[in-house]
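Enquirer: To start, I am sharing the structure in question, which I have written as structure tokens.
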Amino acid sequence: MTSTTDPSLTSWIESANEKGAEFPIQSLPWGAFRRKGSSERPRLGVPIGDQVLELKKCVENGLLAGIEVAAGEALCEPTLNALMALGPKAWTTVRSSISELLRSDCARVRDSNRCRMRAVVPMDQIELAMPVAIGDYTDFYASVHHATNVGSMFRPDNPLMPNYKHLPVGYHGRASSIVLSGTPIRRPSGQTCPKDGEPPVFGPSKALDYELEVGFFVGRGNTLGTPIPIASAREHIFGLTLVNDWSARDVQKWEYQPLGPFNAKNFGTTISPWVMQLDALEPFLAPAPKRAKADPELLPYLKWSDDFLIDLKLEVRIQSASMRDQDMAPVVVSKGTYRDMYWTFAQMLAHHTSTGCNLRPGDLLASGTVSGPDEDSRGCLLERTWRGEYPIELPDGTKRAFLQDGDEVIIAGYCQKRGATRISLGECRGRVVSS
């Protein structure tokens, strides 16, 4: 456990010390914001209790001890990319300095009304912005439960493809359509084939789905032609975010052969507004999954004795338009944990760069659907309803095989265990609007 995750730490911002606080001093995720109603350039901030610490003001007023000039300059940028490029030593130093500034026994801001007025902003007075300029986006297929379930629908006798347990399967997604939590998702139109053997038609997707995913941002990149060894993965993983990789299943079914996902997934991917630095998750790291005796031996570039998963609990809730009209709370339709994944973040990173592919600060790599062994841990409607054969009933009496216009999908994630402070990754929200 690092000094910044010590559960005994408290903050002079009292709301951060309340039981069940979403942003205690042990979390300190990264985000970007502007003041409500302003046209100001976004600035980096760290949520603490019901407030946000503005880091540009902290740098300008000399409030962060021990950070180097390059780190201070990076904190004055509108996105995290410049900080990410500095590497893990800078990330840890900056996080430690912020933690020190916010602790109950630190008077630099606590006892200065001038500093508090400048550097601390109430959460209800801000608008969140995209925290990272995302240059590239890669989505993986890292859950063996998800791969087995989907494969069973189409290949009951041989659900997993021959390569699945040899390498982390992935595809290059569309960075331009990644949006921040709360952005509406317009129902896509596309070419589908309603019945096998009949000609295709074009129109709004009738099988719109969510995908419960966890993503990580690349911090320090690598030069073209130079792979990242798996044992160096933590030096290149900056932090985590929640991801909903929306999917048009009927479009996907018709188009995916022979090259895989394309229009079925390029119309929108939602991420949560907070990036949780890997340092904050240190108490919740778990061993990499044990491979079954029948599984093939991993090739050396995918092996690491200290490889890890994260004990991250996840859930998906849905609220229909009529539920909102009746003041009904969103209903949980899926619960899962990232410990159920087959491939790790380090393996994804090592495999992605094994050809010499160059990743850059701010690139997003996502896990693919997080699914577990139980029915209620399946991370998308395709699995939960088994291609729509067993629809889910919502509290308003309606049923869902796939998403309808007006449905809002809320993904949440948190880490919790005895002896550590609960850490929340916040929420990843999106509401479906008509095409």
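How things are named: the first chain in the structure tokens is A, the next is B, and so on; residues count from 1 in each chain; ligands count from 1 in the order shown.
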Can you pull out the residues contacting Val132 of chain A? Cut-off 6 Å, using only C-alpha atoms, and skip same-chain residues under 6 positions away; I want them as a VMD selection string.
Expert: chain A and resid 79 to 80 362
Enquirer: What's the 12 Å shell around Arg95 of chain A, counting only C-alpha atoms, without same-chain residues fewer than 6 positions away, as a VMD selection string?
Expert: chain A and resid 2 to 5 25 to 30 45 to 46 55 64 to 67 71 75 83 88 to 89 101 to 102 238 276 to 280
Enquirer: Write a file of the selected residues as a PDB file, in the first residue's frame, keeping N, CA and C atoms.
Expert:
ATOM      1  N   THR A   2       0.625   2.216  -0.861  1.00  0.00           N
ATOM      2  CA  THR A   2       1.423   3.433  -0.927  1.00  0.00           C
ATOM      3  C   THR A   2       0.920   4.437   0.096  1.00  0.00           C
ATOM      4  N   SER A   3       1.713   5.495   0.325  1.00  0.00           N
ATOM      5  CA  SER A   3       1.319   6.502   1.309  1.00  0.00           C
ATOM      6  C   SER A   3       0.033   7.215   0.921  1.00  0.00           C
ATOM      7  N   THR A   4      -0.268   7.309  -0.371  1.00  0.00           N
ATOM      8  CA  THR A   4      -1.474   8.019  -0.803  1.00  0.00           C
ATOM      9  C   THR A   4      -2.742   7.183  -0.665  1.00  0.00           C
ATOM     10  N   THR A   5      -2.615   5.881  -0.435  1.00  0.00           N
ATOM     11  CA  THR A   5      -3.801   5.027  -0.281  1.00  0.00           C
ATOM     12  C   THR A   5      -4.005   4.590   1.164  1.00  0.00           C
ATOM     13  N   ILE A  25      -9.868  11.042  -0.050  1.00  0.00           N
ATOM     14  CA  ILE A  25      -8.516  11.478  -0.384  1.00  0.00           C
ATOM     15  C   ILE A  25      -7.665  10.332  -0.934  1.00  0.00           C
ATOM     16  N   GLN A  26      -8.063   9.102  -0.687  1.00  0.00           N
ATOM     17  CA  GLN A  26      -7.292   7.958  -1.207  1.00  0.00           C
ATOM     18  C   GLN A  26      -7.508   7.730  -2.706  1.00  0.00           C
ATOM     19  N   SER A  27      -8.529   8.350  -3.303  1.00  0.00           N
ATOM     20  CA  SER A  27      -8.810   8.070  -4.723  1.00  0.00           C
ATOM     21  C   SER A  27      -8.106   9.055  -5.655  1.00  0.00           C
ATOM     22  N   LEU A  28      -8.464  10.331  -5.595  1.00  0.00           N
ATOM     23  CA  LEU A  28      -7.837  11.391  -6.395  1.00  0.00           C
ATOM     24  C   LEU A  28      -7.736  11.047  -7.883  1.00  0.00           C
ATOM     25  N   PRO A  29      -8.859  10.715  -8.527  1.00  0.00           N
ATOM     26  CA  PRO A  29      -8.805  10.491  -9.975  1.00  0.00           C
ATOM     27  C   PRO A  29      -8.602  11.803 -10.722  1.00  0.00           C
ATOM     28  N   TRP A  30      -8.268  11.696 -11.998  1.00  0.00           N
ATOM     29  CA  TRP A  30      -8.009  12.861 -12.835  1.00  0.00           C
ATOM     30  C   TRP A  30      -9.220  13.164 -13.705  1.00  0.00           C
ATOM     31  N   GLY A  45      -8.331  18.834 -13.214  1.00  0.00           N
ATOM     32  CA  GLY A  45      -8.761  18.891 -11.823  1.00  0.00           C
ATOM     33  C   GLY A  45      -8.794  17.511 -11.203  1.00  0.00           C
ATOM     34  N   VAL A  46      -8.818  17.492  -9.877  1.00  0.00           N
ATOM     35  CA  VAL A  46      -8.921  16.262  -9.103  1.00  0.00           C
ATOM     36  C   VAL A  46     -10.110  16.406  -8.164  1.00  0.00           C
ATOM     37  N   LEU A  55      -5.847  22.323 -10.763  1.00  0.00           N
ATOM     38  CA  LEU A  55      -4.394  22.147 -10.667  1.00  0.00           C
ATOM     39  C   LEU A  55      -3.609  23.302 -11.275  1.00  0.00           C
ATOM     40  N   LEU A  64       2.089  23.122  -4.962  1.00  0.00           N
ATOM     41  CA  LEU A  64       2.450  21.709  -5.070  1.00  0.00           C
ATOM     42  C   LEU A  64       3.945  21.538  -4.834  1.00  0.00           C
ATOM     43  N   ALA A  65       4.282  20.883  -3.753  1.00  0.00           N
ATOM     44  CA  ALA A  65       5.682  20.735  -3.356  1.00  0.00           C
ATOM     45  C   ALA A  65       6.341  19.574  -4.088  1.00  0.00           C
ATOM     46  N   GLY A  66       7.598  19.777  -4.499  1.00  0.00           N
ATOM     47  CA  GLY A  66       8.418  18.678  -4.984  1.00  0.00           C
ATOM     48  C   GLY A  66       8.241  18.280  -6.427  1.00  0.00           C
ATOM     49  N   ILE A  67       7.358  18.942  -7.173  1.00  0.00           N
ATOM     50  CA  ILE A  67       7.171  18.550  -8.573  1.00  0.00           C
ATOM     51  C   ILE A  67       8.149  19.335  -9.451  1.00  0.00           C
ATOM     52  N   ALA A  71       6.461  18.862 -15.018  1.00  0.00           N
ATOM     53  CA  ALA A  71       5.193  18.384 -14.471  1.00  0.00           C
ATOM     54  C   ALA A  71       4.249  19.544 -14.210  1.00  0.00           C
ATOM     55  N   LEU A  75       0.508  20.159 -15.907  1.00  0.00           N
ATOM     56  CA  LEU A  75      -0.728  20.338 -15.138  1.00  0.00           C
ATOM     57  C   LEU A  75      -1.504  21.575 -15.571  1.00  0.00           C
ATOM     58  N   LEU A  83       1.196  15.229 -19.186  1.00  0.00           N
ATOM     59  CA  LEU A  83       1.588  14.550 -17.947  1.00  0.00           C
ATOM     60  C   LEU A  83       1.845  13.073 -18.204  1.00  0.00           C
ATOM     61  N   PRO A  88       6.151   7.260 -15.218  1.00  0.00           N
ATOM     62  CA  PRO A  88       5.605   6.888 -13.908  1.00  0.00           C
ATOM     63  C   PRO A  88       6.200   7.639 -12.722  1.00  0.00           C
ATOM     64  N   LYS A  89       7.463   8.022 -12.775  1.00  0.00           N
ATOM     65  CA  LYS A  89       8.046   8.761 -11.653  1.00  0.00           C
ATOM     66  C   LYS A  89       7.323  10.098 -11.469  1.00  0.00           C
ATOM     67  N   LEU A 101      -1.173  18.070  -0.189  1.00  0.00           N
ATOM     68  CA  LEU A 101      -1.839  19.371  -0.142  1.00  0.00           C
ATOM     69  C   LEU A 101      -3.242  19.281   0.450  1.00  0.00           C
ATOM     70  N   LEU A 102      -3.909  18.146   0.217  1.00  0.00           N
ATOM     71  CA  LEU A 102      -5.299  17.987   0.626  1.00  0.00           C
ATOM     72  C   LEU A 102      -5.463  17.345   1.999  1.00  0.00           C
ATOM     73  N   PHE A 238      -1.134   4.388 -17.501  1.00  0.00           N
ATOM     74  CA  PHE A 238      -1.365   5.552 -16.638  1.00  0.00           C
ATOM     75  C   PHE A 238      -2.538   5.327 -15.691  1.00  0.00           C
ATOM     76  N   MET A 276      -8.701   6.943 -13.255  1.00  0.00           N
ATOM     77  CA  MET A 276      -8.148   6.530 -11.970  1.00  0.00           C
ATOM     78  C   MET A 276      -6.715   6.047 -12.163  1.00  0.00           C
ATOM     79  N   GLN A 277      -5.780   6.806 -11.623  1.00  0.00           N
ATOM     80  CA  GLN A 277      -4.364   6.460 -11.746  1.00  0.00           C
ATOM     81  C   GLN A 277      -4.109   5.092 -11.131  1.00  0.00           C
ATOM     82  N   LEU A 278      -3.246   4.316 -11.770  1.00  0.00           N
ATOM     83  CA  LEU A 278      -2.980   2.954 -11.322  1.00  0.00           C
ATOM     84  C   LEU A 278      -2.468   2.931  -9.885  1.00  0.00           C
ATOM     85  N   ASP A 279      -1.747   3.967  -9.472  1.00  0.00           N
ATOM     86  CA  ASP A 279      -1.254   4.044  -8.087  1.00  0.00           C
ATOM     87  C   ASP A 279      -2.395   3.949  -7.078  1.00  0.00           C
ATOM     88  N   ALA A 280      -3.548   4.533  -7.395  1.00  0.00           N
ATOM     89  CA  ALA A 280      -4.676   4.528  -6.469  1.00  0.00           C
ATOM     90  C   ALA A 280      -5.272   3.142  -6.295  1.00  0.00           C
TER      91      ALA A 280
END
Enquirer: Fewer than 5 positions away in the same chain doesn't count, so skip those; otherwise give me all residues within 9 Å of Gly151 of chain A, counting only C-alpha atoms, as JSON, numbers by chain.
Expert: {"A": [146, 156, 158, 159, 160, 161]}
Enquirer: Which is closest to Thr344 of chain A among A:Asn266, A:Ser232, A:Ser143, A:Ser322, if we use only C-alpha atoms?
Expert: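 Using only C-alpha atoms, the shortest distance to Thr344 of chain A belongs to A:Ser143.
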Enquirer: Excluding Leu299 of chain A and any residue of its chain fewer than 4 positions from it, enumerate the residues within 9 Å of it, using only C-alpha atoms, and give them as a VMD selection string.
Expert: chain A and resid 166 to 167 303
Enquirer: Could the residues in this selection be saved with N, CA and C atoms as a PDB file, in the first residue's frame?
Expert:
ATOM      1  N   HIS A 166      -4.422 -18.353 -27.161  1.00  0.00           N
ATOM      2  CA  HIS A 166      -3.009 -18.130 -27.486  1.00  0.00           C
ATOM      3  C   HIS A 166      -2.635 -16.657 -27.470  1.00  0.00           C
ATOM      4  N   LEU A 167      -3.606 -15.769 -27.727  1.00  0.00           N
ATOM      5  CA  LEU A 167      -3.288 -14.340 -27.819  1.00  0.00           C
ATOM      6  C   LEU A 167      -4.524 -13.503 -27.504  1.00  0.00           C
ATOM      7  N   LYS A 303       4.200 -13.797 -20.878  1.00  0.00           N
ATOM      8  CA  LYS A 303       4.364 -14.296 -19.510  1.00  0.00           C
ATOM      9  C   LYS A 303       5.041 -13.241 -18.639  1.00  0.00           C
TER      10      LYS A 303
END
